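Here is the structure we will look at, set down as structure tokens.
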Amino acid sequence: MKKFTFKSALTALLAALAFAVSAPCSAEEFSDNPDLYGTWVLESMQYEGEKLIQCRSNGYTQIKYYGRDGEYACVQFFTINSDDGSKKITIAPHEWGKPAFWYRNGQYSEMGREPIKDGITWVDKNTTKGVWMNRHDVWKRIELPKPLLDYILNYCRTTKSDTKEIQSMMKQYLMK
């Protein structure tokens, strides 16, 4: 029987490390179109049978964020009049999750909902159209400054990830 030596153990360890380093590692891809990743702003929306609504200039818009790690956020922004007469933008997180979206072969799903076709249709690299229920949207890619995007995502993470205990206490003490 061959004696197991320190030298043979070291050789085996180095071989294992070499294999591990050379083996392809791939993180889960949440989209088969890498152009989806990033931040998108709602340019317009139109409910079937109604007039087109141009967002952003009317004091309302949304953004959707698609992270390479599966993070998804949908956030609404409203312009309101402040007490001093100035305009203030209010942030209202709608949805957040991680992982919480995927897009493959034209099928799109967010927040665990049933996948739909035509949820995202590519117009060009920086423009998509989408249909949700009876609303037709146009989204444009937008580059936000990192501090602003970090603020928005952290706000969503905090407000959209309360525990069952916190939810229970809010229902008990805040709602009748």
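Residues are named by chain letter and number: chains run A, B, ... in the order of the structure tokens, numbers start at 1 in each chain, and ligands are numbered from 1 in the order shown.
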
Inset, instruction - Give the strand (DSSP E or B) residues of chain A, as assigned by DSSP on the backbone, as a PyMOL selection string. - result: chain A and resi 31+38-47+53-54+60-66+72-81+87-97+101-104+107-110+116-117+121-124+127-132+135-141

Inset, instruction - Compile the contact shell of Leu36 (chain A) as a VMD selection string: residues with an atom at most 9 Å away, counting only C-alpha atoms, same-chain residues fewer than 2 positions apart removed. - result: chain A and resid 31 to 34 38 to 40 66 to 67 103 125 to 126 141

Legend entry - Atomic separation - CA of Pro145 (chain A) relative to CA of Lys129 (chain A), Å: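 Separation of CA of Lys129 (chain A) and CA of Pro145 (chain A): 24.2 Å.
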
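Restricting the calculation to only C-alpha atoms, the smallest distance between Leu148 (chain A) and any of A:Ser44, A:Asn81, A:Ile91, A:Lys160 is found for A:Ile91.
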
Legend entry - Computed interatomic separation between CA of Glu28 (chain A) and CA of Gly70 (chain A) (Å):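 Going from CA of Glu28 (chain A) over to CA of Gly70 (chain A) covers 8.6 Å.
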
Inset, instruction - To one decimal in Å, tell me the separation between CA of Lys98 (chain A) and CA of Ala73 (chain A). - result: 8.9 Å

Inset, instruction - Skip Thr158 (chain A) itself and residues of its chain fewer than 3 positions away, then list as a PyMOL selection string all residues within 12 Å of it, counting only C-alpha atoms. - result: chain A and resi 73+93+95-97+151-155+161-163+166

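Here the question is which of A:Asp150, A:Asp124, A:Glu143, A:Glu50 gets nearest to Asp35 (chain A) using only C-alpha atoms, and that residue is A:Asp124.
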
Legend entry - Nearest residue to Trp139 (chain A) from the set A:Ile116, A:Ala100, A:Val123, A:Ala92 (distances using only C-alpha atoms):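 Of the candidates, the smallest distance to Trp139 (chain A) is held by A:Val123.
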